[in-house]
$ cat target_39.cif   # mmCIF, C-alpha atoms and all ligand atoms
data_work
loop_
_atom_site.group_PDB
_atom_site.id
_atom_site.type_symbol
_atom_site.label_atom_id
_atom_site.label_comp_id
_atom_site.auth_asym_id
_atom_site.auth_seq_id
_atom_site.Cartn_x
_atom_site.Cartn_y
_atom_site.Cartn_z
ATOM 1 C CA MET A 28 -5.333 65.463 23.077
ATOM 2 C CA PRO A 29 -3.841 62.349 24.644
ATOM 3 C CA LYS A 30 -2.714 59.703 22.247
ATOM 4 C CA LYS A 31 -3.932 56.180 22.702
ATOM 5 C CA ARG A 32 -0.871 54.799 20.863
ATOM 6 C CA LYS A 33 2.536 56.366 20.299
ATOM 7 C CA ASN A 34 2.332 55.940 16.519
ATOM 8 C CA ARG A 35 -1.441 56.520 16.366
ATOM 9 C CA GLY A 36 -1.972 52.937 15.228
ATOM 10 C CA ARG A 37 -0.067 53.417 11.975
ATOM 11 C CA HIS A 38 3.469 53.753 10.711
ATOM 12 C CA LYS A 39 2.767 56.572 8.328
ATOM 13 C CA GLY A 40 4.774 59.190 10.198
ATOM 14 C CA ASP A 41 4.136 62.723 8.982
ATOM 15 C CA LYS A 42 3.667 61.593 5.410
ATOM 16 C CA GLY A 43 0.470 63.054 4.018
ATOM 17 C CA LYS A 44 -1.302 60.360 2.059
ATOM 18 C CA GLU A 45 -0.654 56.789 1.158
ATOM 19 C CA PRO A 46 -2.339 54.120 -0.947
ATOM 20 C CA MET A 47 -5.247 52.112 0.346
ATOM 21 C CA VAL A 48 -5.294 48.323 0.323
ATOM 22 C CA TYR A 49 -8.087 45.813 0.666
ATOM 23 C CA CYS A 50 -8.357 43.388 3.564
ATOM 24 C CA ASP A 51 -8.014 39.826 2.308
ATOM 25 C CA ASN A 52 -10.552 38.558 4.817
ATOM 26 C CA CYS A 53 -13.427 41.031 4.789
ATOM 27 C CA GLY A 54 -12.623 43.317 1.852
ATOM 28 C CA LYS A 55 -12.460 46.502 3.889
ATOM 29 C CA LEU A 56 -10.426 49.358 2.412
ATOM 30 C CA VAL A 57 -7.667 50.329 4.861
ATOM 31 C CA PRO A 58 -4.562 52.547 4.626
ATOM 32 C CA ARG A 59 -1.438 50.587 3.783
ATOM 33 C CA SER A 60 0.429 51.604 6.947
ATOM 34 C CA LYS A 61 -2.472 50.527 9.121
ATOM 35 C CA ALA A 62 -2.954 47.150 7.472
ATOM 36 C CA VAL A 63 -1.295 44.048 8.910
ATOM 37 C CA ARG A 64 0.704 41.964 6.454
ATOM 38 C CA VAL A 65 1.406 38.370 7.358
ATOM 39 C CA THR A 66 3.459 35.851 5.402
ATOM 40 C CA VAL A 67 2.489 32.288 6.168
ATOM 41 C CA PRO A 68 3.540 28.983 4.589
ATOM 42 C CA TYR A 69 0.812 27.370 2.549
ATOM 43 C CA SER A 70 0.785 23.862 1.178
ATOM 44 C CA PRO A 71 -1.904 22.356 -1.049
ATOM 45 C CA VAL A 72 -1.357 19.021 0.720
ATOM 46 C CA PRO A 73 -2.973 18.703 4.187
ATOM 47 C CA GLY A 74 -0.554 18.651 7.134
ATOM 48 C CA ASP A 75 -0.986 15.036 8.224
ATOM 49 C CA LEU A 76 -0.654 13.722 4.704
ATOM 50 C CA ALA A 77 2.367 15.957 4.029
ATOM 51 C CA ARG A 78 4.168 14.591 7.114
ATOM 52 C CA GLU A 79 3.499 11.023 6.011
ATOM 53 C CA LEU A 80 4.756 11.729 2.501
ATOM 54 C CA GLU A 81 7.914 13.429 3.775
ATOM 55 C CA LYS A 82 8.673 10.423 5.956
ATOM 56 C CA GLN A 83 8.586 8.285 2.842
ATOM 57 C CA GLY A 84 10.962 10.668 1.060
ATOM 58 C CA ALA A 85 8.600 12.665 -1.110
ATOM 59 C CA ILE A 86 9.138 16.396 -1.568
ATOM 60 C CA VAL A 87 5.965 18.292 -0.701
ATOM 61 C CA PRO A 88 5.831 21.803 -2.204
ATOM 62 C CA ARG A 89 5.389 24.668 0.225
ATOM 63 C CA TYR A 90 4.525 28.173 -0.868
ATOM 64 C CA TYR A 91 4.639 31.377 1.113
ATOM 65 C CA VAL A 92 1.503 33.488 0.880
ATOM 66 C CA THR A 93 1.367 37.108 2.025
ATOM 67 C CA LYS A 94 -1.998 38.221 3.354
ATOM 68 C CA THR A 95 -3.151 41.730 4.170
ATOM 69 C CA TYR A 96 -5.656 42.189 6.966
ATOM 70 C CA CYS A 97 -7.454 45.090 8.520
ATOM 71 C CA ILE A 98 -7.083 45.596 12.272
ATOM 72 C CA ASN A 99 -10.465 44.032 13.051
ATOM 73 C CA CYS A 100 -9.633 40.844 11.187
ATOM 74 C CA ALA A 101 -6.077 40.717 12.559
ATOM 75 C CA ILE A 102 -7.422 40.761 16.095
ATOM 76 C CA TYR A 103 -10.181 38.297 15.263
ATOM 77 C CA LEU A 104 -7.673 35.888 13.697
ATOM 78 C CA GLY A 105 -5.266 36.195 16.639
ATOM 79 C CA ILE A 106 -2.446 37.924 14.736
ATOM 80 C CA LEU A 107 -2.622 40.976 16.987
ATOM 81 C CA LYS A 108 -3.912 41.099 20.503
ATOM 82 C CA VAL A 109 -5.628 43.771 22.503
ATOM 83 C CA ARG A 110 -2.979 45.101 24.860
ATOM 84 C CA ALA A 111 -2.971 46.932 28.147
ATOM 85 C CA GLU A 112 -2.503 50.699 28.251
ATOM 86 C CA ASP A 113 1.214 50.551 29.107
ATOM 87 C CA ASP A 114 1.938 47.837 26.545
ATOM 88 C CA ARG A 115 0.351 49.915 23.792
ATOM 89 C CA LYS A 116 3.164 52.476 24.048
ATOM 90 C CA ARG A 117 5.747 49.916 22.963
ATOM 91 C CA ARG A 118 6.091 50.010 19.203
ATOM 92 C CA GLU A 119 8.234 46.963 18.593
ATOM 93 C CA SER A 120 5.579 44.389 19.368
ATOM 94 C CA LEU A 121 2.749 46.145 17.529
ATOM 95 C CA MET A 122 3.443 44.751 14.068
ATOM 96 C CA ARG A 123 5.218 41.629 15.182
ATOM 97 C CA ALA A 124 4.820 38.683 12.861
ATOM 98 C CA PRO A 125 3.247 35.569 14.343
ATOM 99 C CA VAL A 126 5.548 32.872 15.625
ATOM 100 C CA ARG A 127 6.383 30.667 12.692
ATOM 101 C CA ARG A 128 7.210 27.100 13.512
ATOM 102 C CA GLU A 129 10.165 25.697 11.648
ATOM 103 C CA VAL A 130 9.032 22.654 9.733
ATOM 104 C CA THR A 131 12.448 21.147 9.193
ATOM 105 C CA ALA A 132 14.934 21.935 11.931
ATOM 106 C CA ALA A 133 18.358 21.499 10.411
ATOM 107 C CA PRO A 134 21.021 20.247 12.808
ATOM 108 C CA PRO A 135 23.794 22.771 13.555
ATOM 109 C CA ILE A 136 26.657 22.379 11.153
ATOM 110 C CA THR A 137 29.875 21.633 13.019
ATOM 111 C CA LYS A 138 33.092 21.963 11.166
ATOM 112 C CA PRO A 139 35.809 19.419 11.748
ATOM 113 C CA THR A 140 37.708 20.364 14.886
ATOM 114 C CA GLN A 141 41.166 19.434 13.666
ATOM 115 C CA THR A 142 41.311 22.137 10.993
ATOM 116 C CA GLN A 143 40.104 24.822 13.436
ATOM 117 C CA THR A 144 42.350 23.981 16.368
ATOM 118 C CA THR A 145 45.671 23.474 14.636
ATOM 119 C CA PRO A 146 46.321 27.027 13.281
ATOM 120 C CA PRO A 147 45.816 28.881 16.653
ATOM 121 C CA GLN A 148 48.035 26.355 18.441
ATOM 122 C CA THR A 149 50.860 26.926 15.980
ATOM 123 C CA GLN A 150 50.463 30.721 16.211
ATOM 124 C CA SER A 151 50.423 30.742 19.992
ATOM 125 C CA ALA A 152 53.460 28.467 20.060
ATOM 126 C CA GLN A 153 55.315 30.922 17.829
ATOM 127 C CA GLN A 154 54.369 33.894 20.041
ATOM 128 C CA GLY A 155 55.578 32.282 23.229
ATOM 129 C CA GLY A 156 52.975 29.630 23.951
ATOM 130 C CA GLN A 157 50.617 31.667 26.161
ATOM 131 C CA GLY A 158 47.646 29.556 25.090
ATOM 132 C CA ALA A 159 45.397 32.532 24.304
ATOM 133 C CA PRO A 160 44.142 32.728 20.710
ATOM 134 C CA ALA A 161 46.297 35.125 18.700
ATOM 135 C CA LYS A 162 44.586 38.179 17.191
ATOM 136 C CA PRO A 163 46.126 39.810 14.124
HETATM 137 ZN ZN ZN B 1 -10.817 42.710 7.445
#

$ encode --input "target_39.cif" --output "structure tokens" --more "lines below"
Ligand SMILES: [Zn+2]
Amino acid sequence: MPKKRKNRGRHKGDKGKEPMVYCDNCGKLVPRSKAVRVTVPYSPVPGDLARELEKQGAIVPRYYVTKTYCINCAIYLGILKVRAEDDRKRRESLMRAPVRREVTAAPPITKPTQTQTTPPQTQSAQQGGQGAPAKP
């Protein structure tokens, strides 16, 4: 019998049974390996108000909530998408988490350049001054 998906829509493998979980949206009872788990940030403060408060220096609490959905609800909510026949064979994108936007993008930390550059220069000068970074 041809398989519609490589992992038959689950990640159970050849394990016999596994516990059932309830969908958080519709209450359907689904196997745990078939359910879609999504962790999303949740804040009791609405988004616009939270941005205004953070501009003024207030700390708005943000909690991470893990939801479990059945396949029907995951597709309805846009977490999973119906894919073409060739795309269904790829396993890596089947249970991919939704793209999470970073709320606070921290600037890249750059170390002071003087402390990093001085030791390789002294080592290369001792080895003959080739200019390439010395490897121990
Ligand atoms: Zn559901």

$ residues_near_ligand --input "target_39.cif" --ligand "ligand ZN 1 (chain B)" --cutoff "6 Å" --atoms "all atoms listed in the file" --output "PyMOL selection string"
chain A and resi 50+52-55+96-97+99-100

$ closest_atom_pairs --input "target_39.cif" --of "stretch 39-124 of chain A" --to "stretch 30-35 of chain A" --cutoff "9 Å" --atoms "only C-alpha atoms" --output "JSON lines"
{"residue": "A:Lys39", "atom": "CA", "partner": "A:Asn34", "partner_atom": "CA", "distance": 8.2}
{"residue": "A:Gly40", "atom": "CA", "partner": "A:Asn34", "partner_atom": "CA", "distance": 7.5}
{"residue": "A:Glu112", "atom": "CA", "partner": "A:Lys31", "partner_atom": "CA", "distance": 7.9}
{"residue": "A:Arg115", "atom": "CA", "partner": "A:Arg32", "partner_atom": "CA", "distance": 5.8}
{"residue": "A:Lys116", "atom": "CA", "partner": "A:Lys33", "partner_atom": "CA", "distance": 5.4}
{"residue": "A:Arg117", "atom": "CA", "partner": "A:Lys33", "partner_atom": "CA", "distance": 7.7}
{"residue": "A:Arg118", "atom": "CA", "partner": "A:Lys33", "partner_atom": "CA", "distance": 7.4}

$ atom_distance --input "target_39.cif" --atom1 "atom CA of A:Val109" --atom2 "atom CA of A:Val48"
22.6 Å

$ residues_around --input "target_39.cif" --residues "A:Pro73" --least-positions-apart "6" --cutoff "12 Å" --atoms "all atoms listed in the file" --output "list of chain:residue names"
A:Glu79, A:Leu80, A:Val87, A:Pro88, A:Arg89

$ resolve_selection --input "target_39.cif" --expression "the PyMOL selection byres (((chain A and resi 92) around 8) and not hetatm)" --output "list in words"
Thr66, Val67, Pro68, Tyr69, Tyr90, Tyr91, Thr93 and Lys94 of chain A

$ atom_distance --input "target_39.cif" --atom1 "atom CA of A:Val63" --atom2 "atom CA of A:Arg37"
9.9 Å

$ atom_distance --input "target_39.cif" --atom1 "atom CA of A:Thr95" --atom2 "atom CA of A:Asp114"
23.7 Å
